[in-house]
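Student: The structure's right below; bear with me while I get my questions together.
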Amino acid sequence: MITLTFPDQSKRDFKPGITGAEVAAGISKSLAKKAMIVKLDGEATDLAEPITADAAIEIVTRDQPDALEIIRHDCAHVLAEAVQELFPGTQVTIGPVIENGFYYDFARDEPFSLDDFEAIEAKMREIIGRDAAFTKTVWDREEARRYFGEKGEAYKVELIDAIPEGDEIRFYRQGEWTDLCRGPHGPSTGKVGSAFKLLKLAGAYWRGDSNNPMLQRIYGTAFAGDKDLKAHLTMLEEAEKRDHRRLGREMDLFHFQEEAPGAVFWHAKGWSLFQELIAYMRRRQHEADFVEVNTPDMMERTLWEQSGHWEKFGENMFTTMTPDERVHCCKPMNCPGHVQIFKNGLKSYRDLPLRVAEFGKVHRYEPSGALHGLMRVRHFTQDDAHIFCTDDQITEECISVNALILSIYRDFGFEDVKIKFSDRPDKRVGSDDVWDKSEEALKLACEAAGIDWELNPGEGAFYGPKLEYVLRDAIGRDWQCGTLQVDFNLPGRLGAFYIGADGEKHVPVMLHRAMFGSLERFIGILIENHAGHLPLWLSPVQIVVTTITSDADAYAASVKARLEAAGLRAEIDLRNEKINYKIREHSLAKVPVIVVCGKREAEEGTVNVRRLGSKDQVVLPLEEAVAAFADEAMPPDIRRNAGMLTA
């Protein structure tokens, strides 16, 4: 007999070979009907899989969060079968579950179009209606290669060849259709349900390599119920309206072009926003006793070999060779440069903690298919900083940085922040003892700061564990921005030391810290979070002064001058166009305030104020309006400090 332990810690004995489906049926018919998979000692497996040893068991039902990945995985297989039924000769490749959905890559001579989606979805519904069981089989390697080879499925043969010797080669059959797959799957295609939708088409290189053939990727999503699907589609519609790439064009902020993939061409208005963020961060860093430095964009390869970046990160680095045959690397990170600054001149324990910050431009090769507007680029600016400290100072410094990061996010309207603890990755430098020490130090700091975190296993930096700060935006999307990392490895690898109170040399601890993270990405997040309606203090153009008739041109010019004298970013529009046309144009460009001047306003010394997104108009005396705008446009940190001084 084998003993199975249920989530309520009750135990029951069964004959070896009993399946999860049979266990569920023995508990209740309703559980058996709702069951999707079974977890044995936390590992998901098929309900039809025989259970041969003692285990902790959990029957996962359709309404549980863990079932969603299975539903989407099943739906990807249904999509692949539907495509091959409708378009014979199409090769299937891979179809994984991703965040919020799934995709499947196909090799087909003719391109798919969005018009094909209706027919594909109809065929998917037909396959789901057949309610064919998902059945796992394990094949011999040569048998598997022969099966797909005879079908002309070259990509599947390549996938089989990549499976390590000794690993099972698993197939799943659904009716008459079979696919190579690790599993697990739900009981049958019918369990996918009706809450699915195909979303978009894209090109994707086989295995992400631009030297390989281009495949056609169909994205889709699926949920346990129609209500969840509808909510997700509504969110996607809202996200489309907020797309920073479209808004960036409308607001004249930036553009991209083929000659510089993954690099931003900042226009004057976008650069104004960029500089406003830097000015804000400079003030906050100065208050926190950081000193600002600047390090070279290119440094010799030998430095990156010594730091460990070349071994662990080299495939993502841009390099160049000078005429004297020295290889230089465009820096992907700022930390080795900051260590060089620390090493320049003898440091004492009395100099610590030393907080060094830089708005450093870094360069990382991202595959072409991964580039996405400001969110994923190859060249970006980090608000990067490194704190050199003693072991005893780690906790206090981590507490201070955490408080600073959360305060900054509040200033930008992000109150919902999740913190993830990312521990040691597979590719790393340093011994396990050093990693034990650094992970324990960061956990102690979290405990002292009262930080609630969730584990993000294996996602630490190659030199140390980190906290990741994840922001939730106005429509419920999560964005990973800031980080705080504890590093016992890099300073020693690069020869950094300080003289301790005992007169001996000691290697400092290095805390890596970013708050915006990538400024480019943070700007993209801000644009989408606010749907382009940026707060007045951040808006590149805060106010446009425009006229109804040319009679008010001189007065409008004086209004603009008065606004600028108050420190406001104002523009003037004296074009001979109808006022409603001008208002629509500036509203499309997301200008927060439009001040209209006509003959009456000129005579009375007033302005007609219109706010972005509102049809209401307010007439105010000019000086009152200027004072109100200047107060509203005050950055939150300056306002806070002004309040403290007043108090």
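In the structure tokens, the first chain shown is A, the next is B, and so on; residue numbers restart at 1 for each chain, and ligands run from 1 in the order shown.
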Out of region 152-237 of chain A, which residues get strand (DSSP E) from DSSP, as a ChimeraX atom specification?

Tutor: /A:169-174,177-180,196-205,214-222

Student: Considering only C-alpha atoms, return as number ranges by chain whatever protein or nucleic-acid residues lie within 12 Å of Ser194 (chain A), sequence-local ones (same chain, fewer than 2 positions apart) excluded.

Tutor: A: 71-72, 75, 121-122, 124-129, 189-192, 196-197, 221-230

Student: Select, from A:Arg146, A:Arg513, A:His328, A:Lys466, the residue with the minimum atom-to-atom distance to Ile387 (chain A), counting only C-alpha atoms.

Tutor: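 Of A:Arg146, A:Arg513, A:His328, A:Lys466, the one nearest Ile387 (chain A), counting only C-alpha atoms, is A:Arg513.
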
Student: Please run DSSP on the backbone and report, as a ChimeraX atom specification, all residues within region 255-366 of chain A that come out as helix (DSSP H, G or I).

Tutor: /A:268-287,301-307,309-316,335-343,349-351

Student: Just checking: using only C-alpha atoms, which residue out of A:Ile525, A:Leu511, A:Val544, A:Cys481 ends up closest to Glu396 (chain A)?

Tutor: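 Smallest separation from Glu396 (chain A) among the options: A:Leu511.
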
Student: I want to know what sits within 10 Å of region 468-471 of chain A, based on only C-alpha atoms, with residues of the same chain fewer than 2 positions away left out; could you give that as a ChimeraX atom specification?

Tutor: /A:402,405-406,409,414-422,453-454,456,459-460,465-466,473-474,476-485,514-517,525

Student: Could you write those residues out with N, CA and C atoms, as a JSON list (two decimals), in the first residue's frame?

Tutor:
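In the end it all went to selection10.json:
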[["chain", "number", "residue", "atom", "x", "y", "z"],
["A", 402, "ASN", "N", 15.43, 51.15, 0.92],
["A", 402, "ASN", "CA", 14.05, 50.70, 0.74],
["A", 402, "ASN", "C", 13.07, 51.84, 0.99],
["A", 405, "ILE", "N", 13.22, 54.29, -1.98],
["A", 405, "ILE", "CA", 12.57, 53.77, -3.19],
["A", 405, "ILE", "C", 11.05, 53.89, -3.08],
["A", 406, "LEU", "N", 10.49, 53.46, -1.96],
["A", 406, "LEU", "CA", 9.03, 53.50, -1.80],
["A", 406, "LEU", "C", 8.52, 54.93, -1.78],
["A", 409, "TYR", "N", 8.39, 56.16, -5.41],
["A", 409, "TYR", "CA", 7.24, 55.63, -6.15],
["A", 409, "TYR", "C", 5.95, 56.33, -5.76],
["A", 414, "PHE", "N", 2.51, 55.70, -7.48],
["A", 414, "PHE", "CA", 2.47, 54.24, -7.37],
["A", 414, "PHE", "C", 2.46, 53.85, -5.90],
["A", 415, "GLU", "N", 1.29, 53.48, -5.42],
["A", 415, "GLU", "CA", 1.13, 53.08, -4.02],
["A", 415, "GLU", "C", 1.19, 51.56, -3.86],
["A", 416, "ASP", "N", 0.83, 50.85, -4.92],
["A", 416, "ASP", "CA", 0.78, 49.39, -4.88],
["A", 416, "ASP", "C", 2.11, 48.84, -5.39],
["A", 417, "VAL", "N", 2.99, 48.47, -4.46],
["A", 417, "VAL", "CA", 4.34, 48.01, -4.82],
["A", 417, "VAL", "C", 4.56, 46.64, -4.18],
["A", 418, "LYS", "N", 4.96, 45.69, -5.02],
["A", 418, "LYS", "CA", 5.26, 44.34, -4.55],
["A", 418, "LYS", "C", 6.77, 44.14, -4.59],
["A", 419, "ILE", "N", 7.31, 43.47, -3.58],
["A", 419, "ILE", "CA", 8.75, 43.26, -3.49],
["A", 419, "ILE", "C", 9.05, 41.76, -3.60],
["A", 420, "LYS", "N", 9.95, 41.42, -4.52],
["A", 420, "LYS", "CA", 10.35, 40.03, -4.73],
["A", 420, "LYS", "C", 11.80, 39.84, -4.28],
["A", 421, "PHE", "N", 12.04, 38.72, -3.61],
["A", 421, "PHE", "CA", 13.39, 38.35, -3.19],
["A", 421, "PHE", "C", 13.92, 37.34, -4.20],
["A", 422, "SER", "N", 14.94, 37.74, -4.96],
["A", 422, "SER", "CA", 15.52, 36.87, -5.99],
["A", 422, "SER", "C", 16.83, 36.28, -5.48],
["A", 453, "TRP", "N", 8.05, 40.18, 1.47],
["A", 453, "TRP", "CA", 8.53, 39.82, 0.14],
["A", 453, "TRP", "C", 8.05, 38.44, -0.25],
["A", 454, "GLU", "N", 8.05, 38.20, -1.54],
["A", 454, "GLU", "CA", 7.77, 36.86, -2.04],
["A", 454, "GLU", "C", 9.00, 36.36, -2.78],
["A", 456, "ASN", "N", 11.41, 34.85, -5.50],
["A", 456, "ASN", "CA", 11.53, 34.77, -6.96],
["A", 456, "ASN", "C", 12.76, 33.89, -7.23],
["A", 459, "GLU", "N", 16.50, 34.05, -9.64],
["A", 459, "GLU", "CA", 16.51, 35.24, -10.49],
["A", 459, "GLU", "C", 17.44, 36.34, -9.97],
["A", 460, "GLY", "N", 18.34, 36.00, -9.05],
["A", 460, "GLY", "CA", 19.30, 36.98, -8.57],
["A", 460, "GLY", "C", 20.31, 37.36, -9.65],
["A", 465, "PRO", "N", 22.27, 38.26, -4.45],
["A", 465, "PRO", "CA", 20.81, 38.25, -4.38],
["A", 465, "PRO", "C", 20.26, 39.68, -4.46],
["A", 466, "LYS", "N", 18.99, 39.80, -4.79],
["A", 466, "LYS", "CA", 18.43, 41.14, -4.93],
["A", 466, "LYS", "C", 16.96, 41.18, -4.56],
["A", 473, "ASP", "N", 0.23, 49.31, -12.13],
["A", 473, "ASP", "CA", -0.24, 50.56, -12.73],
["A", 473, "ASP", "C", -1.75, 50.72, -12.65],
["A", 474, "ALA", "N", -2.26, 51.74, -13.33],
["A", 474, "ALA", "CA", -3.67, 52.12, -13.21],
["A", 474, "ALA", "C", -4.62, 51.07, -13.74],
["A", 476, "GLY", "N", -3.85, 47.70, -13.63],
["A", 476, "GLY", "CA", -3.56, 46.42, -13.00],
["A", 476, "GLY", "C", -2.38, 45.65, -13.55],
["A", 477, "ARG", "N", -1.55, 46.28, -14.38],
["A", 477, "ARG", "CA", -0.37, 45.59, -14.90],
["A", 477, "ARG", "C", 0.82, 45.79, -13.97],
["A", 478, "ASP", "N", 1.68, 44.78, -13.89],
["A", 478, "ASP", "CA", 2.86, 44.85, -13.03],
["A", 478, "ASP", "C", 4.10, 45.18, -13.85],
["A", 479, "TRP", "N", 4.95, 46.05, -13.27],
["A", 479, "TRP", "CA", 6.19, 46.45, -13.92],
["A", 479, "TRP", "C", 7.34, 46.36, -12.93],
["A", 480, "GLN", "N", 8.39, 45.61, -13.29],
["A", 480, "GLN", "CA", 9.56, 45.53, -12.42],
["A", 480, "GLN", "C", 10.47, 46.72, -12.70],
["A", 481, "CYS", "N", 10.76, 47.51, -11.67],
["A", 481, "CYS", "CA", 11.55, 48.73, -11.85],
["A", 481, "CYS", "C", 12.82, 48.70, -11.00],
["A", 482, "GLY", "N", 12.73, 49.11, -9.75],
["A", 482, "GLY", "CA", 13.91, 49.25, -8.92],
["A", 482, "GLY", "C", 14.47, 47.93, -8.42],
["A", 483, "THR", "N", 15.73, 47.97, -8.02],
["A", 483, "THR", "CA", 16.37, 46.79, -7.43],
["A", 483, "THR", "C", 17.29, 47.22, -6.28],
["A", 484, "LEU", "N", 17.51, 46.31, -5.37],
["A", 484, "LEU", "CA", 18.49, 46.47, -4.30],
["A", 484, "LEU", "C", 19.21, 45.14, -4.16],
["A", 485, "GLN", "N", 20.53, 45.15, -4.34],
["A", 485, "GLN", "CA", 21.30, 43.91, -4.38],
["A", 485, "GLN", "C", 22.44, 43.96, -3.36],
["A", 514, "ALA", "N", 19.08, 50.63, -7.86],
["A", 514, "ALA", "CA", 18.45, 51.44, -8.90],
["A", 514, "ALA", "C", 17.02, 51.69, -8.45],
["A", 515, "MET", "N", 16.48, 52.88, -8.77],
["A", 515, "MET", "CA", 15.13, 53.22, -8.30],
["A", 515, "MET", "C", 14.14, 53.33, -9.46],
["A", 516, "PHE", "N", 14.43, 54.20, -10.43],
["A", 516, "PHE", "CA", 13.66, 54.13, -11.67],
["A", 516, "PHE", "C", 14.01, 52.84, -12.41],
["A", 517, "GLY", "N", 15.26, 52.42, -12.27],
["A", 517, "GLY", "CA", 15.79, 51.34, -13.11],
["A", 517, "GLY", "C", 16.26, 51.97, -14.40],
["A", 525, "ILE", "N", 6.42, 53.53, -18.73],
["A", 525, "ILE", "CA", 5.44, 53.14, -17.71],
["A", 525, "ILE", "C", 4.61, 54.35, -17.30]]

Student: Using only C-alpha atoms, determine which residues lie at most 8 Å from region 28-43 of chain A, disregarding the query and same-chain residues fewer than 6 positions distant; provide the list as a PyMOL selection string.

Tutor: chain A and resi 20-22+55-63+67+70+184-187+191

Student: Extract, using only C-alpha atoms, all DNA, RNA and protein residues at most 12 Å from Lys615 (chain A), discarding same-chain residues fewer than 3 positions from it, and format them as a PyMOL selection string.

Tutor: chain A and resi 580+583-584+587+593-594+609-612+618

Student: Output N, CA and C atoms for every residue in the selection just made, as a CSV table (one decimal), in the first residue's frame.

Tutor:
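As written to disk, out_32.csv reads:
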chain,number,residue,atom,x,y,z
A,580,ASN,N,-11.6,75.9,-31.8
A,580,ASN,CA,-11.9,74.5,-31.5
A,580,ASN,C,-10.9,73.5,-32.2
A,583,ILE,N,-7.7,73.7,-30.0
A,583,ILE,CA,-7.9,73.0,-28.8
A,583,ILE,C,-7.9,71.5,-29.0
A,584,ARG,N,-8.5,71.0,-30.1
A,584,ARG,CA,-8.4,69.5,-30.3
A,584,ARG,C,-7.0,69.1,-30.6
A,587,SER,N,-5.1,69.1,-27.3
A,587,SER,CA,-5.6,68.0,-26.5
A,587,SER,C,-5.0,66.6,-26.9
A,593,VAL,N,-2.9,72.0,-19.8
A,593,VAL,CA,-3.7,73.2,-19.6
A,593,VAL,C,-3.7,74.0,-20.9
A,594,ILE,N,-4.8,74.4,-21.4
A,594,ILE,CA,-4.9,75.4,-22.5
A,594,ILE,C,-5.5,76.7,-22.0
A,609,VAL,N,-9.4,79.2,-18.9
A,609,VAL,CA,-8.6,78.0,-18.6
A,609,VAL,C,-9.5,76.7,-19.0
A,610,ARG,N,-8.8,75.9,-19.8
A,610,ARG,CA,-9.4,74.6,-20.2
A,610,ARG,C,-8.4,73.5,-19.8
A,611,ARG,N,-8.9,72.4,-19.1
A,611,ARG,CA,-8.1,71.3,-18.7
A,611,ARG,C,-8.3,70.1,-19.6
A,612,LEU,N,-7.2,69.4,-19.8
A,612,LEU,CA,-7.2,68.2,-20.6
A,612,LEU,C,-8.2,67.2,-20.0
A,618,VAL,N,-12.9,77.7,-17.1
A,618,VAL,CA,-12.9,78.6,-15.9
A,618,VAL,C,-12.2,79.9,-16.3

Student: Give me, as JSON, numbers by chain, all polymer residues having an atom no more than 7 Å from region 537-539 of chain A, counting only C-alpha atoms and skipping those fewer than 6 positions away in the same chain.

Tutor: {"A": [273, 276, 633, 634, 635]}

Student: Restricting it to N, CA and C atoms, dump the selection as a short mmCIF file (atom, residue, chain, number, x, y, z; two decimals), in the first residue's frame.

Tutor:
data_model
loop_
_atom_site.label_atom_id
_atom_site.label_comp_id
_atom_site.auth_asym_id
_atom_site.auth_seq_id
_atom_site.Cartn_x
_atom_site.Cartn_y
_atom_site.Cartn_z
N LEU A 273 11.07 65.87 -20.58
CA LEU A 273 10.55 64.93 -19.58
C LEU A 273 11.69 64.12 -18.97
N GLU A 276 13.57 66.21 -16.54
CA GLU A 276 12.79 66.48 -15.32
C GLU A 276 12.94 65.32 -14.35
N ALA A 633 2.43 72.96 -10.33
CA ALA A 633 3.58 72.42 -11.07
C ALA A 633 4.80 72.20 -10.19
N MET A 634 4.69 72.44 -8.90
CA MET A 634 5.82 72.24 -8.01
C MET A 634 6.06 70.74 -7.82
N PRO A 635 7.26 70.23 -8.09
CA PRO A 635 7.55 68.81 -7.88
C PRO A 635 7.26 68.39 -6.45
#

Student: What is the distance, in Å and to one decimal place, between CA of Asp384 (chain A) and CA of Ser518 (chain A)?

Tutor: 8.9 Å

Student: Excluding Ser307 (chain A) and residues on its chain fewer than 3 positions from it, collect all residues at most 9 Å away from it, counting only C-alpha atoms, and give them as a list of chain:residue names.

Tutor: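 The residues satisfying every condition are A:Thr302, A:Leu303, A:Trp304, A:Trp310, A:Glu311, A:Pro336, A:Asn489, A:Leu490, A:Pro491, A:Arg493, A:Leu494.
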
Student: I need the residue nearest Cys329 (chain A) from this list: A:Phe274, A:Phe313, A:Tyr103, A:Phe342. Use only C-alpha atoms for the distance.

Tutor: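 Under the stated criterion, the closest residue is A:Phe313.
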